[in-house]
file model.cif (mmCIF, N, CA and C atoms)
data_work
#
loop_
_atom_site.group_PDB
_atom_site.id
_atom_site.type_symbol
_atom_site.label_atom_id
_atom_site.label_comp_id
_atom_site.auth_asym_id
_atom_site.auth_seq_id
_atom_site.Cartn_x
_atom_site.Cartn_y
_atom_site.Cartn_z
ATOM 1 N N MET A 1 78.617 40.205 -18.097
ATOM 2 C CA MET A 1 77.493 40.198 -17.210
ATOM 3 C C MET A 1 77.445 41.422 -16.303
ATOM 4 N N ASP A 2 78.351 42.343 -16.467
ATOM 5 C CA ASP A 2 78.357 43.535 -15.630
ATOM 6 C C ASP A 2 77.220 44.494 -15.963
ATOM 7 N N PHE A 3 76.528 44.281 -17.038
ATOM 8 C CA PHE A 3 75.475 45.225 -17.398
ATOM 9 C C PHE A 3 74.200 45.003 -16.568
ATOM 10 N N PHE A 4 74.034 43.836 -15.869
ATOM 11 C CA PHE A 4 72.885 43.608 -14.984
ATOM 12 C C PHE A 4 73.125 44.154 -13.572
ATOM 13 N N ILE A 5 74.319 44.046 -13.088
ATOM 14 C CA ILE A 5 74.659 44.466 -11.723
ATOM 15 C C ILE A 5 75.833 45.422 -11.808
ATOM 16 N N SER A 6 75.666 46.591 -11.203
ATOM 17 C CA SER A 6 76.775 47.537 -11.219
ATOM 18 C C SER A 6 77.870 47.051 -10.281
ATOM 19 N N PRO A 7 79.104 47.233 -10.650
ATOM 20 C CA PRO A 7 80.201 46.763 -9.793
ATOM 21 C C PRO A 7 80.233 47.538 -8.468
ATOM 22 N N ALA A 8 80.542 46.840 -7.387
ATOM 23 C CA ALA A 8 80.612 47.450 -6.064
ATOM 24 C C ALA A 8 81.926 48.192 -5.900
ATOM 25 N N HIS A 9 81.858 49.311 -5.238
ATOM 26 C CA HIS A 9 83.057 50.092 -4.972
ATOM 27 C C HIS A 9 83.261 50.168 -3.463
ATOM 28 N N ALA A 10 84.437 49.897 -3.018
ATOM 29 C CA ALA A 10 84.743 49.913 -1.596
ATOM 30 C C ALA A 10 84.826 51.341 -1.090
ATOM 31 N N GLN A 11 84.347 51.535 0.109
ATOM 32 C CA GLN A 11 84.458 52.853 0.731
ATOM 33 C C GLN A 11 85.797 52.960 1.432
ATOM 34 N N GLN A 12 86.206 54.171 1.628
ATOM 35 C CA GLN A 12 87.445 54.374 2.369
ATOM 36 C C GLN A 12 87.176 54.085 3.846
ATOM 37 N N ALA A 13 88.194 53.627 4.540
ATOM 38 C CA ALA A 13 88.073 53.328 5.958
ATOM 39 C C ALA A 13 87.920 54.619 6.751
ATOM 40 N N ALA A 14 87.209 54.537 7.864
ATOM 41 C CA ALA A 14 87.040 55.699 8.734
ATOM 42 C C ALA A 14 88.383 56.060 9.341
ATOM 43 N N PRO A 15 88.633 57.335 9.526
ATOM 44 C CA PRO A 15 89.919 57.725 10.106
ATOM 45 C C PRO A 15 90.064 57.186 11.520
ATOM 46 N N GLN A 16 91.204 56.601 11.800
ATOM 47 C CA GLN A 16 91.488 56.066 13.128
ATOM 48 C C GLN A 16 92.002 57.198 14.010
ATOM 49 N N GLY A 17 91.852 57.009 15.312
ATOM 50 C CA GLY A 17 92.381 58.004 16.225
ATOM 51 C C GLY A 17 91.295 58.681 17.038
ATOM 52 N N ALA A 18 90.014 58.321 16.827
ATOM 53 C CA ALA A 18 88.945 58.896 17.634
ATOM 54 C C ALA A 18 89.105 58.453 19.084
ATOM 55 N N GLY A 19 89.603 57.268 19.293
ATOM 56 C CA GLY A 19 89.918 56.780 20.624
ATOM 57 C C GLY A 19 88.690 56.348 21.401
ATOM 58 N N ILE A 20 88.931 56.070 22.659
ATOM 59 C CA ILE A 20 87.880 55.574 23.535
ATOM 60 C C ILE A 20 87.266 56.704 24.367
ATOM 61 N N MET A 21 87.861 57.880 24.303
ATOM 62 C CA MET A 21 87.415 58.992 25.146
ATOM 63 C C MET A 21 85.949 59.386 24.923
ATOM 64 N N PRO A 22 85.458 59.541 23.702
ATOM 65 C CA PRO A 22 84.038 59.893 23.533
ATOM 66 C C PRO A 22 83.090 58.831 24.110
ATOM 67 N N THR A 23 83.489 57.580 24.017
ATOM 68 C CA THR A 23 82.670 56.500 24.586
ATOM 69 C C THR A 23 82.617 56.606 26.098
ATOM 70 N N LEU A 24 83.755 56.875 26.729
ATOM 71 C CA LEU A 24 83.787 57.026 28.189
ATOM 72 C C LEU A 24 82.983 58.233 28.641
ATOM 73 N N ILE A 25 83.048 59.320 27.895
ATOM 74 C CA ILE A 25 82.280 60.517 28.239
ATOM 75 C C ILE A 25 80.784 60.223 28.166
ATOM 76 N N MET A 26 80.352 59.538 27.104
ATOM 77 C CA MET A 26 78.929 59.195 26.972
ATOM 78 C C MET A 26 78.480 58.249 28.075
ATOM 79 N N LEU A 27 79.324 57.307 28.438
ATOM 80 C CA LEU A 27 79.000 56.381 29.514
ATOM 81 C C LEU A 27 78.871 57.121 30.841
ATOM 82 N N GLY A 28 79.780 58.046 31.091
ATOM 83 C CA GLY A 28 79.710 58.852 32.309
ATOM 84 C C GLY A 28 78.458 59.715 32.358
ATOM 85 N N LEU A 29 78.104 60.320 31.238
ATOM 86 C CA LEU A 29 76.884 61.126 31.186
ATOM 87 C C LEU A 29 75.641 60.271 31.411
ATOM 88 N N PHE A 30 75.659 59.055 30.892
ATOM 89 C CA PHE A 30 74.538 58.135 31.100
ATOM 90 C C PHE A 30 74.375 57.813 32.578
ATOM 91 N N PHE A 31 75.470 57.506 33.272
ATOM 92 C CA PHE A 31 75.380 57.190 34.696
ATOM 93 C C PHE A 31 74.955 58.396 35.517
ATOM 94 N N LEU A 32 75.404 59.593 35.168
ATOM 95 C CA LEU A 32 74.929 60.797 35.864
ATOM 96 C C LEU A 32 73.431 60.991 35.677
ATOM 97 N N PHE A 33 72.959 60.788 34.460
ATOM 98 C CA PHE A 33 71.532 60.899 34.174
ATOM 99 C C PHE A 33 70.738 59.890 35.012
ATOM 100 N N MET A 34 71.199 58.641 35.058
ATOM 101 C CA MET A 34 70.504 57.607 35.825
ATOM 102 C C MET A 34 70.507 57.943 37.317
ATOM 103 N N TYR A 35 71.599 58.483 37.818
ATOM 104 C CA TYR A 35 71.679 58.826 39.235
ATOM 105 C C TYR A 35 70.666 59.914 39.589
ATOM 106 N N PHE A 36 70.643 60.994 38.812
ATOM 107 C CA PHE A 36 69.771 62.113 39.142
ATOM 108 C C PHE A 36 68.298 61.856 38.816
ATOM 109 N N MET A 37 68.005 60.965 37.880
ATOM 110 C CA MET A 37 66.614 60.727 37.505
ATOM 111 C C MET A 37 65.983 59.530 38.222
ATOM 112 N N ILE A 38 66.775 58.571 38.673
ATOM 113 C CA ILE A 38 66.204 57.360 39.271
ATOM 114 C C ILE A 38 66.711 57.106 40.685
ATOM 115 N N ILE A 39 68.007 57.037 40.869
ATOM 116 C CA ILE A 39 68.568 56.606 42.156
ATOM 117 C C ILE A 39 68.344 57.644 43.250
ATOM 118 N N ARG A 40 68.662 58.894 42.991
ATOM 119 C CA ARG A 40 68.556 59.943 44.006
ATOM 120 C C ARG A 40 67.114 60.166 44.482
ATOM 121 N N PRO A 41 66.117 60.276 43.585
ATOM 122 C CA PRO A 41 64.739 60.429 44.064
ATOM 123 C C PRO A 41 64.250 59.228 44.875
ATOM 124 N N GLN A 42 64.663 58.022 44.497
ATOM 125 C CA GLN A 42 64.250 56.839 45.243
ATOM 126 C C GLN A 42 64.841 56.849 46.647
ATOM 127 N N MET A 43 66.091 57.244 46.788
ATOM 128 C CA MET A 43 66.713 57.332 48.106
ATOM 129 C C MET A 43 66.008 58.383 48.960
ATOM 130 N N LYS A 44 65.598 59.484 48.346
ATOM 131 C CA LYS A 44 64.884 60.538 49.070
ATOM 132 C C LYS A 44 63.540 60.025 49.588
ATOM 133 N N ARG A 45 62.799 59.270 48.752
ATOM 134 C CA ARG A 45 61.514 58.706 49.182
ATOM 135 C C ARG A 45 61.711 57.713 50.320
ATOM 136 N N GLN A 46 62.754 56.895 50.247
ATOM 137 C CA GLN A 46 63.026 55.934 51.321
ATOM 138 C C GLN A 46 63.319 56.647 52.634
ATOM 139 N N LYS A 47 64.080 57.727 52.572
ATOM 140 C CA LYS A 47 64.422 58.490 53.769
ATOM 141 C C LYS A 47 63.171 59.119 54.379
ATOM 142 N N GLU A 48 62.295 59.680 53.540
ATOM 143 C CA GLU A 48 61.062 60.280 54.031
ATOM 144 C C GLU A 48 60.149 59.228 54.655
ATOM 145 N N HIS A 49 60.056 58.038 54.052
ATOM 146 C CA HIS A 49 59.211 56.980 54.598
ATOM 147 C C HIS A 49 59.756 56.493 55.937
ATOM 148 N N LYS A 50 61.067 56.399 56.054
ATOM 149 C CA LYS A 50 61.676 55.984 57.325
ATOM 150 C C LYS A 50 61.364 56.993 58.424
ATOM 151 N N GLN A 51 61.438 58.289 58.106
ATOM 152 C CA GLN A 51 61.106 59.320 59.088
ATOM 153 C C GLN A 51 59.629 59.248 59.476
ATOM 154 N N LEU A 52 58.755 58.963 58.508
ATOM 155 C CA LEU A 52 57.333 58.827 58.786
ATOM 156 C C LEU A 52 57.084 57.671 59.745
ATOM 157 N N ILE A 53 57.713 56.542 59.499
ATOM 158 C CA ILE A 53 57.542 55.358 60.343
ATOM 159 C C ILE A 53 58.030 55.643 61.771
ATOM 160 N N GLU A 54 59.156 56.330 61.898
ATOM 161 C CA GLU A 54 59.707 56.621 63.216
ATOM 162 C C GLU A 54 58.868 57.640 63.983
ATOM 163 N N SER A 55 58.097 58.466 63.275
ATOM 164 C CA SER A 55 57.326 59.513 63.947
ATOM 165 C C SER A 55 55.925 59.071 64.375
ATOM 166 N N ILE A 56 55.538 57.836 64.069
ATOM 167 C CA ILE A 56 54.200 57.359 64.430
ATOM 168 C C ILE A 56 54.105 57.181 65.942
ATOM 169 N N GLU A 57 53.031 57.711 66.509
ATOM 170 C CA GLU A 57 52.791 57.633 67.944
ATOM 171 C C GLU A 57 51.388 57.105 68.201
ATOM 172 N N LYS A 58 51.140 56.727 69.429
ATOM 173 C CA LYS A 58 49.817 56.271 69.833
ATOM 174 C C LYS A 58 48.827 57.424 69.640
ATOM 175 N N GLY A 59 47.689 57.127 69.018
ATOM 176 C CA GLY A 59 46.670 58.138 68.785
ATOM 177 C C GLY A 59 46.664 58.706 67.377
ATOM 178 N N ASN A 60 47.732 58.494 66.617
ATOM 179 C CA ASN A 60 47.770 58.956 65.224
ATOM 180 C C ASN A 60 46.774 58.157 64.385
ATOM 181 N N GLU A 61 46.236 58.792 63.359
ATOM 182 C CA GLU A 61 45.405 58.093 62.395
ATOM 183 C C GLU A 61 46.249 57.858 61.151
ATOM 184 N N VAL A 62 46.279 56.590 60.704
ATOM 185 C CA VAL A 62 47.149 56.207 59.591
ATOM 186 C C VAL A 62 46.373 55.430 58.541
ATOM 187 N N VAL A 63 46.956 55.372 57.349
ATOM 188 C CA VAL A 63 46.431 54.568 56.247
ATOM 189 C C VAL A 63 47.551 53.649 55.790
ATOM 190 N N THR A 64 47.234 52.368 55.626
ATOM 191 C CA THR A 64 48.236 51.406 55.171
ATOM 192 C C THR A 64 48.306 51.401 53.649
ATOM 193 N N GLN A 65 49.300 50.712 53.119
ATOM 194 C CA GLN A 65 49.454 50.604 51.672
ATOM 195 C C GLN A 65 48.304 49.833 51.048
ATOM 196 N N GLY A 66 47.635 48.996 51.809
ATOM 197 C CA GLY A 66 46.490 48.242 51.317
ATOM 198 C C GLY A 66 45.192 49.020 51.384
ATOM 199 N N GLY A 67 45.236 50.233 51.959
ATOM 200 C CA GLY A 67 44.045 51.069 52.028
ATOM 201 C C GLY A 67 43.295 50.973 53.345
ATOM 202 N N LEU A 68 43.811 50.226 54.292
ATOM 203 C CA LEU A 68 43.175 50.083 55.592
ATOM 204 C C LEU A 68 43.508 51.300 56.445
ATOM 205 N N GLY A 69 42.500 51.933 57.002
ATOM 206 C CA GLY A 69 42.720 53.111 57.836
ATOM 207 C C GLY A 69 42.313 52.835 59.264
ATOM 208 N N GLY A 70 43.018 53.429 60.188
ATOM 209 C CA GLY A 70 42.678 53.228 61.587
ATOM 210 C C GLY A 70 43.491 54.115 62.493
ATOM 211 N N LYS A 71 43.149 54.036 63.789
ATOM 212 C CA LYS A 71 43.838 54.811 64.816
ATOM 213 C C LYS A 71 44.837 53.904 65.521
ATOM 214 N N VAL A 72 46.038 54.388 65.719
ATOM 215 C CA VAL A 72 47.100 53.612 66.360
ATOM 216 C C VAL A 72 46.792 53.485 67.845
ATOM 217 N N ARG A 73 46.724 52.248 68.321
ATOM 218 C CA ARG A 73 46.478 51.983 69.741
ATOM 219 C C ARG A 73 47.753 51.594 70.470
ATOM 220 N N GLU A 74 48.626 50.845 69.822
ATOM 221 C CA GLU A 74 49.906 50.458 70.423
ATOM 222 C C GLU A 74 50.988 50.535 69.359
ATOM 223 N N VAL A 75 52.170 50.954 69.778
ATOM 224 C CA VAL A 75 53.317 51.021 68.871
ATOM 225 C C VAL A 75 54.374 50.068 69.401
ATOM 226 N N GLY A 76 54.695 49.057 68.592
ATOM 227 C CA GLY A 76 55.751 48.118 68.943
ATOM 228 C C GLY A 76 57.008 48.436 68.152
ATOM 229 N N GLU A 77 57.954 47.511 68.224
ATOM 230 C CA GLU A 77 59.205 47.719 67.503
ATOM 231 C C GLU A 77 59.011 47.576 65.992
ATOM 232 N N ASN A 78 58.262 46.548 65.573
ATOM 233 C CA ASN A 78 58.035 46.297 64.149
ATOM 234 C C ASN A 78 56.560 46.325 63.758
ATOM 235 N N PHE A 79 55.662 46.291 64.742
ATOM 236 C CA PHE A 79 54.239 46.196 64.465
ATOM 237 C C PHE A 79 53.457 47.289 65.172
ATOM 238 N N LEU A 80 52.271 47.570 64.625
ATOM 239 C CA LEU A 80 51.336 48.522 65.220
ATOM 240 C C LEU A 80 50.012 47.820 65.450
ATOM 241 N N LEU A 81 49.295 48.245 66.470
ATOM 242 C CA LEU A 81 47.942 47.769 66.692
ATOM 243 C C LEU A 81 47.012 48.904 66.273
ATOM 244 N N LEU A 82 46.225 48.662 65.216
ATOM 245 C CA LEU A 82 45.312 49.665 64.692
ATOM 246 C C LEU A 82 43.891 49.339 65.112
ATOM 247 N N GLU A 83 43.175 50.353 65.528
ATOM 248 C CA GLU A 83 41.743 50.195 65.776
ATOM 249 C C GLU A 83 41.038 50.685 64.516
ATOM 250 N N VAL A 84 40.475 49.743 63.737
ATOM 251 C CA VAL A 84 39.833 50.093 62.478
ATOM 252 C C VAL A 84 38.351 50.392 62.669
ATOM 253 N N SER A 85 37.779 49.897 63.739
ATOM 254 C CA SER A 85 36.394 50.161 64.101
ATOM 255 C C SER A 85 36.302 49.989 65.614
ATOM 256 N N GLU A 86 35.171 50.316 66.162
ATOM 257 C CA GLU A 86 35.021 50.194 67.613
ATOM 258 C C GLU A 86 35.175 48.732 68.019
ATOM 259 N N ASN A 87 36.133 48.454 68.906
ATOM 260 C CA ASN A 87 36.452 47.114 69.409
ATOM 261 C C ASN A 87 36.953 46.155 68.329
ATOM 262 N N VAL A 88 37.455 46.671 67.227
ATOM 263 C CA VAL A 88 38.063 45.835 66.182
ATOM 264 C C VAL A 88 39.502 46.313 65.988
ATOM 265 N N ASN A 89 40.445 45.484 66.410
ATOM 266 C CA ASN A 89 41.859 45.835 66.331
ATOM 267 C C ASN A 89 42.570 44.925 65.338
ATOM 268 N N VAL A 90 43.508 45.496 64.606
ATOM 269 C CA VAL A 90 44.278 44.763 63.610
ATOM 270 C C VAL A 90 45.758 45.054 63.840
ATOM 271 N N THR A 91 46.583 44.024 63.750
ATOM 272 C CA THR A 91 48.023 44.198 63.867
ATOM 273 C C THR A 91 48.612 44.298 62.461
ATOM 274 N N VAL A 92 49.386 45.351 62.208
ATOM 275 C CA VAL A 92 50.027 45.545 60.904
ATOM 276 C C VAL A 92 51.504 45.874 61.112
ATOM 277 N N GLN A 93 52.294 45.616 60.075
ATOM 278 C CA GLN A 93 53.706 45.980 60.137
ATOM 279 C C GLN A 93 53.851 47.485 59.997
ATOM 280 N N LYS A 94 54.844 48.034 60.659
ATOM 281 C CA LYS A 94 55.103 49.469 60.552
ATOM 282 C C LYS A 94 55.432 49.871 59.121
ATOM 283 N N SER A 95 56.143 49.030 58.413
ATOM 284 C CA SER A 95 56.565 49.379 57.058
ATOM 285 C C SER A 95 55.405 49.449 56.078
ATOM 286 N N SER A 96 54.231 48.914 56.457
ATOM 287 C CA SER A 96 53.078 48.961 55.552
ATOM 288 C C SER A 96 52.302 50.274 55.655
ATOM 289 N N ILE A 97 52.692 51.161 56.543
ATOM 290 C CA ILE A 97 52.017 52.451 56.680
ATOM 291 C C ILE A 97 52.438 53.352 55.530
ATOM 292 N N SER A 98 51.454 53.895 54.812
ATOM 293 C CA SER A 98 51.775 54.768 53.682
ATOM 294 C C SER A 98 51.646 56.239 54.044
ATOM 295 N N SER A 99 50.745 56.579 54.970
ATOM 296 C CA SER A 99 50.617 57.988 55.336
ATOM 297 C C SER A 99 49.959 58.128 56.708
ATOM 298 N N VAL A 100 50.243 59.259 57.313
ATOM 299 C CA VAL A 100 49.577 59.652 58.556
ATOM 300 C C VAL A 100 48.631 60.781 58.173
ATOM 301 N N VAL A 101 47.360 60.592 58.496
ATOM 302 C CA VAL A 101 46.355 61.600 58.133
ATOM 303 C C VAL A 101 46.034 62.462 59.351
ATOM 304 N N PRO A 102 45.516 63.681 59.148
ATOM 305 C CA PRO A 102 45.163 64.535 60.271
ATOM 306 C C PRO A 102 44.098 63.878 61.146
ATOM 307 N N LYS A 103 44.169 64.146 62.462
ATOM 308 C CA LYS A 103 43.213 63.561 63.391
ATOM 309 C C LYS A 103 41.793 64.001 63.056
ATOM 310 N N GLY A 104 40.881 63.037 63.108
ATOM 311 C CA GLY A 104 39.491 63.312 62.784
ATOM 312 C C GLY A 104 39.120 63.004 61.346
ATOM 313 N N THR A 105 40.101 62.739 60.519
ATOM 314 C CA THR A 105 39.832 62.455 59.107
ATOM 315 C C THR A 105 39.070 61.161 58.925
ATOM 316 N N LEU A 106 39.497 60.107 59.615
ATOM 317 C CA LEU A 106 38.848 58.813 59.459
ATOM 318 C C LEU A 106 37.454 58.792 60.075
ATOM 319 N N GLY A 107 37.217 59.580 61.087
ATOM 320 C CA GLY A 107 35.902 59.644 61.705
ATOM 321 C C GLY A 107 34.884 60.328 60.814
ATOM 322 N N SER A 108 35.339 61.193 59.933
ATOM 323 C CA SER A 108 34.422 61.912 59.064
ATOM 324 C C SER A 108 34.055 61.118 57.814
ATOM 325 N N LEU A 109 34.741 60.000 57.590
ATOM 326 C CA LEU A 109 34.434 59.198 56.402
ATOM 327 C C LEU A 109 33.246 58.382 56.662
#
call {"tool": "encode", "arguments": {"input": "model.cif", "output": "structure tokens"}}
result
Amino acid sequence: MDFFISPAHAQQAAPQGAGIMPTLIMLGLFFLFMYFMIIRPQMKRQKEHKQLIESIEKGNEVVTQGGLGGKVREVGENFLLLEVSENVNVTVQKSSISSVVPKGTLGSL
């Protein structure tokens, strides 16, 4: 019955002795790649956002992450009082501020 199926031949075993070193090197390179491409830029953005939050003062014009824009009327420890329109004030968390825009920008919209 060997004429229907050719007999299988075993391959030689791979040479032993490559060790674990190439695997560790690849793992280390992977972690370096992840650090420089993901972790480090994210830490930089967090640091910049923290500096932005700390630099907010009364009178600044800001835009929140939800798109609400207004002029800062009061600065608290964790919250801001924004004037979004004449005699319309809204309280928002400081961490929700996405950017500080130049003065006069919101008035021109």
call {"tool": "atom_distance", "arguments": {"input": "model.cif", "atom1": "atom C of A:Asn78", "atom2": "atom N of A:Glu54"}}
result
10.5 Å
call {"tool": "atom_distance", "arguments": {"input": "model.cif", "atom1": "atom N of A:Glu61", "atom2": "atom C of A:Phe79"}}
result
13.7 Å
call {"tool": "residues_around", "arguments": {"input": "model.cif", "residues": "A:Arg73", "least_positions_apart": "6", "cutoff": "5 Å", "atoms": "all atoms listed in the file", "output": "list in words"}}
result
Leu81, Leu82 and Glu83 of chain A
call {"tool": "resolve_selection", "arguments": {"input": "model.cif", "expression": "the PyMOL selection byres ((chain A and resi 70-72) around 6.5)", "output": "PyMOL selection string"}}
result
chain A and resi 57-64+68-69+73-75+81-85
call {"tool": "atom_distance", "arguments": {"input": "model.cif", "atom1": "atom CA of A:Gly107", "atom2": "atom CA of A:Gln46"}}
result
29.3 Å
call {"tool": "select_by_dssp", "arguments": {"input": "model.cif", "residues": "chain A", "states": "alpha helix (DSSP H)", "output": "list in words"}}
result
Met21, Pro22, Thr23, Leu24, Ile25, Met26, Leu27, Gly28, Leu29, Phe30, Phe31, Leu32, Phe33, Met34, Arg40, Pro41, Gln42, Met43, Lys44, Arg45, Gln46, Lys47, Glu48, His49, Lys50, Gln51, Leu52, Ile53 and Glu54 of chain A
call {"tool": "select_by_dssp", "arguments": {"input": "model.cif", "residues": "stretch 2-97 of chain A", "states": "strand (DSSP E)", "output": "list in words"}}
result
Glu61, Val62, Val63, Thr64, Gly69, Gly70, Lys71, Val72, Arg73, Glu74, Val75, Phe79, Leu80, Leu81, Leu82, Glu83, Val84, Ser85, Val88, Asn89, Val90, Thr91, Val92, Gln93 and Ile97 of chain A
call {"tool": "decode", "arguments": {"input": "model.cif", "residues": "stretch 47-61 of chain A", "atoms": "N, CA and C atoms", "output": "mmCIF file, in the first residue's frame"}}
result
data_model
loop_
_atom_site.group_PDB
_atom_site.id
_atom_site.type_symbol
_atom_site.label_atom_id
_atom_site.label_comp_id
_atom_site.auth_asym_id
_atom_site.auth_seq_id
_atom_site.Cartn_x
_atom_site.Cartn_y
_atom_site.Cartn_z
ATOM 1 N N LYS A 47 2.163 65.804 31.967
ATOM 2 C CA LYS A 47 2.928 66.874 32.601
ATOM 3 C C LYS A 47 2.521 68.232 32.032
ATOM 4 N N GLU A 48 2.353 68.320 30.710
ATOM 5 C CA GLU A 48 1.939 69.569 30.085
ATOM 6 C C GLU A 48 0.534 69.966 30.528
ATOM 7 N N HIS A 49 -0.386 69.003 30.643
ATOM 8 C CA HIS A 49 -1.748 69.308 31.074
ATOM 9 C C HIS A 49 -1.761 69.784 32.523
ATOM 10 N N LYS A 50 -0.938 69.182 33.361
ATOM 11 C CA LYS A 50 -0.852 69.611 34.763
ATOM 12 C C LYS A 50 -0.351 71.048 34.855
ATOM 13 N N GLN A 51 0.652 71.400 34.048
ATOM 14 C CA GLN A 51 1.158 72.771 34.038
ATOM 15 C C GLN A 51 0.091 73.744 33.537
ATOM 16 N N LEU A 52 -0.693 73.330 32.538
ATOM 17 C CA LEU A 52 -1.768 74.164 32.023
ATOM 18 C C LEU A 52 -2.804 74.432 33.107
ATOM 19 N N ILE A 53 -3.195 73.404 33.828
ATOM 20 C CA ILE A 53 -4.195 73.535 34.890
ATOM 21 C C ILE A 53 -3.685 74.473 35.993
ATOM 22 N N GLU A 54 -2.417 74.344 36.358
ATOM 23 C CA GLU A 54 -1.857 75.173 37.417
ATOM 24 C C GLU A 54 -1.701 76.631 36.991
ATOM 25 N N SER A 55 -1.608 76.887 35.686
ATOM 26 C CA SER A 55 -1.383 78.256 35.219
ATOM 27 C C SER A 55 -2.671 79.043 34.966
ATOM 28 N N ILE A 56 -3.830 78.418 35.147
ATOM 29 C CA ILE A 56 -5.100 79.109 34.900
ATOM 30 C C ILE A 56 -5.327 80.172 35.970
ATOM 31 N N GLU A 57 -5.685 81.365 35.518
ATOM 32 C CA GLU A 57 -5.937 82.491 36.408
ATOM 33 C C GLU A 57 -7.285 83.112 36.080
ATOM 34 N N LYS A 58 -7.757 83.948 36.969
ATOM 35 C CA LYS A 58 -9.002 84.672 36.749
ATOM 36 C C LYS A 58 -8.829 85.569 35.519
ATOM 37 N N GLY A 59 -9.809 85.531 34.620
ATOM 38 C CA GLY A 59 -9.760 86.344 33.415
ATOM 39 C C GLY A 59 -9.319 85.593 32.171
ATOM 40 N N ASN A 60 -8.729 84.415 32.334
ATOM 41 C CA ASN A 60 -8.336 83.602 31.176
ATOM 42 C C ASN A 60 -9.581 83.096 30.450
ATOM 43 N N GLU A 61 -9.462 82.916 29.147
ATOM 44 C CA GLU A 61 -10.519 82.287 28.376
ATOM 45 C C GLU A 61 -10.088 80.854 28.096
#
